[in-house]
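One file, coords-v7.pdb, carrying PDB, C-alpha atoms:
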```pdb
ATOM      1  CA  MET A   1       0.000   0.000   0.000
ATOM      2  CA  ASN A   2       1.212   3.499  -0.785
ATOM      3  CA  GLY A   3      -0.088   6.888   0.293
ATOM      4  CA  ARG A   4       0.823  10.498   0.856
ATOM      5  CA  THR A   5      -0.920  13.708   1.860
ATOM      6  CA  GLY A   6      -3.367  15.039  -0.722
ATOM      7  CA  THR A   7      -3.614  18.608  -1.980
ATOM      8  CA  GLY A   8      -7.124  19.390  -0.773
ATOM      9  CA  ALA A   9      -8.812  18.168  -3.949
ATOM     10  CA  ARG A  10     -11.839  15.874  -3.657
ATOM     11  CA  LEU A  11     -10.536  12.333  -3.213
ATOM     12  CA  VAL A  12     -12.311   9.663  -5.246
ATOM     13  CA  ALA A  13     -11.501   5.998  -4.742
ATOM     14  CA  GLY A  14     -12.029   3.701  -7.708
ATOM     15  CA  VAL A  15     -12.785   0.058  -6.929
ATOM     16  CA  ASP A  16     -12.801  -3.031  -9.131
ATOM     17  CA  GLU A  17     -12.328  -6.773  -8.822
ATOM     18  CA  ALA A  18     -10.753  -9.647 -10.707
ATOM     19  CA  GLY A  19     -11.724 -13.281 -10.534
ATOM     20  CA  ARG A  20     -15.467 -13.563 -10.060
ATOM     21  CA  GLY A  21     -15.868 -16.160 -12.782
ATOM     22  CA  PRO A  22     -13.001 -18.668 -12.391
ATOM     23  CA  LEU A  23     -13.418 -22.169 -11.036
ATOM     24  CA  ALA A  24     -10.382 -21.816  -8.775
ATOM     25  CA  GLY A  25      -8.457 -19.247  -6.798
ATOM     26  CA  PRO A  26      -9.452 -16.083  -4.964
ATOM     27  CA  VAL A  27     -11.495 -13.088  -5.935
ATOM     28  CA  VAL A  28      -9.266 -10.004  -5.651
ATOM     29  CA  ALA A  29     -10.360  -6.382  -5.288
ATOM     30  CA  ALA A  30      -8.373  -3.171  -5.418
ATOM     31  CA  ALA A  31      -9.121   0.394  -4.379
ATOM     32  CA  VAL A  32      -7.154   3.323  -5.796
ATOM     33  CA  ILE A  33      -7.130   7.054  -5.156
ATOM     34  CA  LEU A  34      -5.261   8.681  -8.023
ATOM     35  CA  ASP A  35      -3.315  11.917  -7.682
ATOM     36  CA  PRO A  36      -5.364  14.555  -9.552
ATOM     37  CA  GLY A  37      -2.119  16.190 -10.623
ATOM     38  CA  VAL A  38      -0.625  13.101 -12.257
ATOM     39  CA  ARG A  39      -1.950  11.636 -15.503
ATOM     40  CA  ILE A  40      -1.315   7.946 -16.129
ATOM     41  CA  GLU A  41      -1.538   7.201 -19.833
ATOM     42  CA  GLY A  42      -3.266   4.095 -21.156
ATOM     43  CA  LEU A  43      -5.604   3.301 -18.281
ATOM     44  CA  THR A  44      -8.551   1.147 -19.327
ATOM     45  CA  ASP A  45     -10.216  -2.135 -18.455
ATOM     46  CA  SER A  46      -7.340  -4.456 -17.555
ATOM     47  CA  LYS A  47      -8.751  -7.217 -19.774
ATOM     48  CA  ARG A  48      -8.083  -5.022 -22.806
ATOM     49  CA  LEU A  49      -4.380  -4.785 -21.991
ATOM     50  CA  SER A  50      -1.538  -7.205 -22.615
ATOM     51  CA  ALA A  51       0.068  -8.831 -19.586
ATOM     52  CA  GLY A  52       3.206  -6.762 -20.106
ATOM     53  CA  ARG A  53       1.292  -3.494 -20.321
ATOM     54  CA  ARG A  54      -0.687  -4.372 -17.185
ATOM     55  CA  THR A  55       2.556  -4.987 -15.309
ATOM     56  CA  ASP A  56       3.984  -1.644 -16.430
ATOM     57  CA  LEU A  57       0.820   0.166 -15.395
ATOM     58  CA  ASP A  58       0.742  -1.700 -12.089
ATOM     59  CA  HIS A  59       4.189  -0.293 -11.249
ATOM     60  CA  GLU A  60       3.192   3.218 -12.351
ATOM     61  CA  ILE A  61      -0.057   3.198 -10.383
ATOM     62  CA  ARG A  62       1.706   2.021  -7.225
ATOM     63  CA  GLU A  63       4.295   4.767  -7.658
ATOM     64  CA  CYS A  64       1.928   7.627  -8.497
ATOM     65  CA  ALA A  65      -1.342   6.967  -6.654
ATOM     66  CA  LEU A  66      -2.179   8.913  -3.524
ATOM     67  CA  SER A  67      -3.320   5.677  -1.919
ATOM     68  CA  PHE A  68      -4.099   2.099  -2.954
ATOM     69  CA  ALA A  69      -4.866  -1.245  -1.390
ATOM     70  CA  VAL A  70      -5.495  -4.780  -2.634
ATOM     71  CA  ALA A  71      -7.526  -7.457  -0.845
ATOM     72  CA  ARG A  72      -8.313 -11.096  -1.587
ATOM     73  CA  VAL A  73     -10.968 -13.569  -0.488
ATOM     74  CA  GLY A  74     -10.108 -17.218  -1.041
ATOM     75  CA  ALA A  75     -12.049 -20.173  -2.343
ATOM     76  CA  THR A  76     -13.103 -21.483   1.083
ATOM     77  CA  VAL A  77     -14.854 -18.228   1.944
ATOM     78  CA  ILE A  78     -16.322 -17.969  -1.559
ATOM     79  CA  ASP A  79     -17.870 -21.426  -1.075
ATOM     80  CA  THR A  80     -19.207 -20.406   2.335
ATOM     81  CA  ILE A  81     -20.807 -17.037   1.572
ATOM     82  CA  ASN A  82     -21.111 -17.164  -2.289
ATOM     83  CA  ILE A  83     -19.118 -15.292  -4.901
ATOM     84  CA  LEU A  84     -21.200 -12.098  -4.805
ATOM     85  CA  GLN A  85     -20.804 -11.661  -1.061
ATOM     86  CA  ALA A  86     -17.128 -12.619  -1.275
ATOM     87  CA  THR A  87     -16.623  -9.939  -3.928
ATOM     88  CA  MET A  88     -18.319  -7.339  -1.752
ATOM     89  CA  GLN A  89     -16.138  -8.412   1.185
ATOM     90  CA  ALA A  90     -12.948  -8.088  -0.868
ATOM     91  CA  MET A  91     -14.012  -4.611  -2.008
ATOM     92  CA  ARG A  92     -14.747  -3.491   1.556
ATOM     93  CA  GLU A  93     -11.378  -4.796   2.741
ATOM     94  CA  ALA A  94      -9.575  -2.998  -0.087
ATOM     95  CA  ILE A  95     -11.315   0.284   0.745
ATOM     96  CA  ASP A  96     -10.602  -0.204   4.459
ATOM     97  CA  GLY A  97      -6.935  -0.664   3.548
ATOM     98  CA  LEU A  98      -6.544   2.805   2.045
ATOM     99  CA  ASP A  99      -4.283   5.101   4.117
ATOM    100  CA  THR A 100      -6.307   8.102   2.952
ATOM    101  CA  PRO A 101     -10.101   8.089   3.527
ATOM    102  CA  PRO A 102     -11.940   8.901   0.296
ATOM    103  CA  ASP A 103     -14.619  11.531  -0.124
ATOM    104  CA  GLU A 104     -16.471   9.234  -2.537
ATOM    105  CA  VAL A 105     -16.159   5.659  -3.771
ATOM    106  CA  LEU A 106     -16.908   4.636  -7.360
ATOM    107  CA  VAL A 107     -17.350   0.908  -7.931
ATOM    108  CA  ASP A 108     -17.276  -0.824 -11.286
ATOM    109  CA  GLY A 109     -20.530  -2.620 -12.085
ATOM    110  CA  ASP A 110     -24.112  -2.296 -10.936
ATOM    111  CA  ARG A 111     -23.861  -2.608  -7.153
ATOM    112  CA  CYS A 112     -21.763  -1.371  -4.236
ATOM    113  CA  PRO A 113     -20.779  -2.942  -0.940
ATOM    114  CA  ALA A 114     -22.064  -1.333   2.246
ATOM    115  CA  LEU A 115     -19.564   1.422   3.052
ATOM    116  CA  PRO A 116     -19.126   4.309   5.500
ATOM    117  CA  TYR A 117     -18.502   6.649   2.540
ATOM    118  CA  PRO A 118     -20.741   8.033  -0.215
ATOM    119  CA  ALA A 119     -20.582   5.424  -2.980
ATOM    120  CA  ARG A 120     -22.121   4.648  -6.324
ATOM    121  CA  ALA A 121     -21.817   1.939  -8.922
ATOM    122  CA  VAL A 122     -20.661   2.832 -12.422
ATOM    123  CA  VAL A 123     -21.512   0.373 -15.198
ATOM    124  CA  ARG A 124     -18.437  -0.079 -17.414
ATOM    125  CA  GLY A 125     -16.570   2.200 -15.047
ATOM    126  CA  ASP A 126     -13.351   0.328 -15.801
ATOM    127  CA  VAL A 127     -13.278   2.019 -19.219
ATOM    128  CA  SER A 128     -14.727   5.417 -18.253
ATOM    129  CA  VAL A 129     -13.277   6.272 -14.828
ATOM    130  CA  ALA A 130      -9.493   6.403 -14.482
ATOM    131  CA  ALA A 131      -9.431   5.413 -10.800
ATOM    132  CA  ILE A 132     -11.595   2.353 -11.505
ATOM    133  CA  SER A 133      -9.358   1.430 -14.446
ATOM    134  CA  ALA A 134      -6.365   1.666 -12.137
ATOM    135  CA  ALA A 135      -8.084  -0.583  -9.600
ATOM    136  CA  SER A 136      -8.879  -3.035 -12.380
ATOM    137  CA  VAL A 137      -5.190  -3.242 -13.269
ATOM    138  CA  LEU A 138      -4.000  -3.740  -9.685
ATOM    139  CA  ALA A 139      -6.596  -6.435  -8.997
ATOM    140  CA  LYS A 140      -5.885  -8.311 -12.224
ATOM    141  CA  VAL A 141      -2.107  -8.241 -11.816
ATOM    142  CA  ALA A 142      -2.283  -9.337  -8.175
ATOM    143  CA  ARG A 143      -4.638 -12.213  -8.950
ATOM    144  CA  ASP A 144      -2.641 -13.377 -11.971
ATOM    145  CA  GLN A 145       0.532 -13.405  -9.889
ATOM    146  CA  GLU A 146      -1.145 -15.525  -7.242
ATOM    147  CA  MET A 147      -2.407 -18.005  -9.822
ATOM    148  CA  ILE A 148       1.104 -18.296 -11.288
ATOM    149  CA  GLU A 149       2.327 -19.139  -7.778
ATOM    150  CA  MET A 150      -0.477 -21.703  -7.449
ATOM    151  CA  ASP A 151       0.650 -23.244 -10.722
ATOM    152  CA  ARG A 152       3.956 -24.121  -9.073
ATOM    153  CA  ARG A 153       2.080 -25.748  -6.201
ATOM    154  CA  TYR A 154      -0.472 -27.567  -8.385
ATOM    155  CA  PRO A 155       1.211 -27.871 -11.806
ATOM    156  CA  GLU A 156      -1.215 -30.470 -13.166
ATOM    157  CA  TYR A 157      -4.010 -27.893 -13.622
ATOM    158  CA  GLY A 158      -2.208 -25.287 -15.750
ATOM    159  CA  PHE A 159      -3.183 -22.312 -13.573
ATOM    160  CA  ALA A 160      -0.404 -20.152 -15.025
ATOM    161  CA  ARG A 161      -2.056 -20.356 -18.437
ATOM    162  CA  HIS A 162      -5.770 -19.984 -17.701
ATOM    163  CA  LYS A 163      -5.643 -18.392 -14.216
ATOM    164  CA  GLY A 164      -8.396 -20.706 -12.993
ATOM    165  CA  TYR A 165     -10.988 -19.875 -15.646
ATOM    166  CA  GLY A 166     -13.033 -22.728 -17.050
ATOM    167  CA  THR A 167     -11.121 -23.384 -20.265
ATOM    168  CA  ARG A 168     -11.304 -26.746 -21.972
ATOM    169  CA  ALA A 169      -7.814 -27.630 -20.762
ATOM    170  CA  HIS A 170      -8.731 -26.695 -17.198
ATOM    171  CA  ARG A 171     -11.938 -28.708 -17.245
ATOM    172  CA  ASP A 172     -10.063 -31.705 -18.664
ATOM    173  CA  ALA A 173      -7.475 -31.476 -15.864
ATOM    174  CA  LEU A 174     -10.232 -31.079 -13.294
ATOM    175  CA  ALA A 175     -11.951 -34.207 -14.592
ATOM    176  CA  ARG A 176      -8.677 -36.135 -14.561
ATOM    177  CA  PHE A 177      -7.234 -35.067 -11.203
ATOM    178  CA  GLY A 178     -10.276 -33.898  -9.263
ATOM    179  CA  PRO A 179     -10.448 -30.551  -7.450
ATOM    180  CA  SER A 180      -7.419 -29.007  -5.781
ATOM    181  CA  PRO A 181      -7.619 -27.209  -2.421
ATOM    182  CA  ILE A 182      -8.067 -23.876  -4.237
ATOM    183  CA  HIS A 183     -10.987 -24.975  -6.426
ATOM    184  CA  ARG A 184     -14.391 -23.458  -5.702
ATOM    185  CA  THR A 185     -16.506 -26.453  -4.766
ATOM    186  CA  SER A 186     -19.713 -24.396  -4.865
ATOM    187  CA  PHE A 187     -19.293 -23.805  -8.613
ATOM    188  CA  ALA A 188     -21.256 -26.234 -10.780
ATOM    189  CA  PRO A 189     -18.381 -27.662 -12.903
ATOM    190  CA  VAL A 190     -16.413 -28.466  -9.747
ATOM    191  CA  GLN A 191     -19.484 -29.839  -7.986
ATOM    192  CA  SER A 192     -20.133 -32.171 -10.912
ATOM    193  CA  VAL A 193     -16.626 -33.632 -10.649
ATOM    194  CA  LEU A 194     -17.011 -34.114  -6.906
ATOM    195  CA  PHE A 195     -20.388 -35.805  -7.435
ATOM    196  CA  ARG A 196     -18.984 -38.054 -10.142
ATOM    197  CA  ASN A 197     -16.035 -39.076  -7.950
ATOM    198  CA  LEU A 198     -18.346 -39.773  -5.008
ATOM    199  CA  THR A 199     -20.656 -41.850  -7.208
ATOM    200  CA  GLU A 200     -17.731 -43.858  -8.564
ATOM    201  CA  ARG A 201     -16.472 -44.535  -5.041
ATOM    202  CA  ASP A 202     -19.927 -45.697  -3.967
ATOM    203  CA  ARG A 203     -20.046 -48.129  -6.892
ATOM    204  CA  SER A 204     -16.620 -49.615  -6.172
TER     205      SER A 204
END
```
Encoding of this model in structure tokens:
Amino acid sequence: MNGRTGTGARLVAGVDEAGRGPLAGPVVAAAVILDPGVRIEGLTDSKRLSAGRRTDLDHEIRECALSFAVARVGATVIDTINILQATMQAMREAIDGLDTPPDEVLVDGDRCPALPYPARAVVRGDVSVAAISAASVLAKVARDQEMIEMDRRYPEYGFARHKGYGTRAHRDALARFGPSPIHRTSFAPVQSVLFRNLTERDRS
């Protein structure tokens, strides 16, 4: 996390998440308050950027932002409270992690977590609001890095390539090896593998 004293301008925190849809790994949220006096070129929805460009922007955002924070909620909690509530929790934790309290919070999407600050949701905010774009980049880079680390721990699933999303290769590995400890057992494709394995054990 990085922060410094602002200049008296209205402080807006942008918030976005990465990883709502994958079958494995955490959901990660970031909150960013950009310096109104510093323009960061090329900010947009992180999914529109190459991995290299995201990494470059990640460094620049961390260097130039007035304040930022990243939070994660893992698969066990996702399975316990559902992915929507886990996403809201990650967003709240990211906002709570800011060293500078914002005057307003702008959240990508169509809903906001319960917050002690004025907040509103901005549909497609990751392409229209610079602070949300910056949060999108931080969340995506942090989650991708974690999934690359998980690939070293569970190499049979190919997490470094698909980052836990339900690609054909991932589903094939899931069917072959069964779920890992970071798979989301509440998600239907993972549940189906667990059910199949349980049925096969009962028949044997």
Who sits within 12 Å of region 148-164 of chain A, all atoms listed in the file, same chain under 5 positions skipped, as JSON, numbers by chain
{"A": [18, 19, 20, 21, 22, 23, 24, 25, 26, 27, 51, 75, 140, 141, 142, 143, 169, 170, 171, 172, 173, 174, 175, 176, 177, 178, 179, 180, 181, 182, 183, 184, 190]}
How many Å lie between CA of Ile40 (chain A) and CA of Ala130 (chain A), rounded to one decimal?
8.5 Å
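A straight line drawn from CA of Arg10 (chain A) to CA of Arg62 (chain A) is 19.7 Å long.
Minimum atom-to-atom distances from A:Thr76, A:Arg111, A:Ser67, A:Leu138 to Pro36 (chain A) were compared using all atoms listed in the file, and the lowest value belongs to A:Ser67.
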Would you translate the PyMOL selection byres ((chain A and resi 31) around 8) into the concrete set of residues it matches in this file, as a compact mmCIF listing (two decimals) with C-alpha atoms, keeping the file's coordinate frame?
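Resulting contents of result.txt:
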```txt
# COMPACT_ATOMS: atom_id res chain seq x y z
CA ALA A 13 -11.50 6.00 -4.74
CA GLY A 14 -12.03 3.70 -7.71
CA VAL A 15 -12.78 0.06 -6.93
CA ASP A 16 -12.80 -3.03 -9.13
CA ALA A 29 -10.36 -6.38 -5.29
CA ALA A 30 -8.37 -3.17 -5.42
CA VAL A 32 -7.15 3.32 -5.80
CA ILE A 33 -7.13 7.05 -5.16
CA PHE A 68 -4.10 2.10 -2.95
CA ALA A 69 -4.87 -1.25 -1.39
CA VAL A 70 -5.50 -4.78 -2.63
CA MET A 91 -14.01 -4.61 -2.01
CA ALA A 94 -9.57 -3.00 -0.09
CA ILE A 95 -11.32 0.28 0.74
CA LEU A 98 -6.54 2.80 2.04
CA ILE A 132 -11.60 2.35 -11.50
CA ALA A 135 -8.08 -0.58 -9.60
```
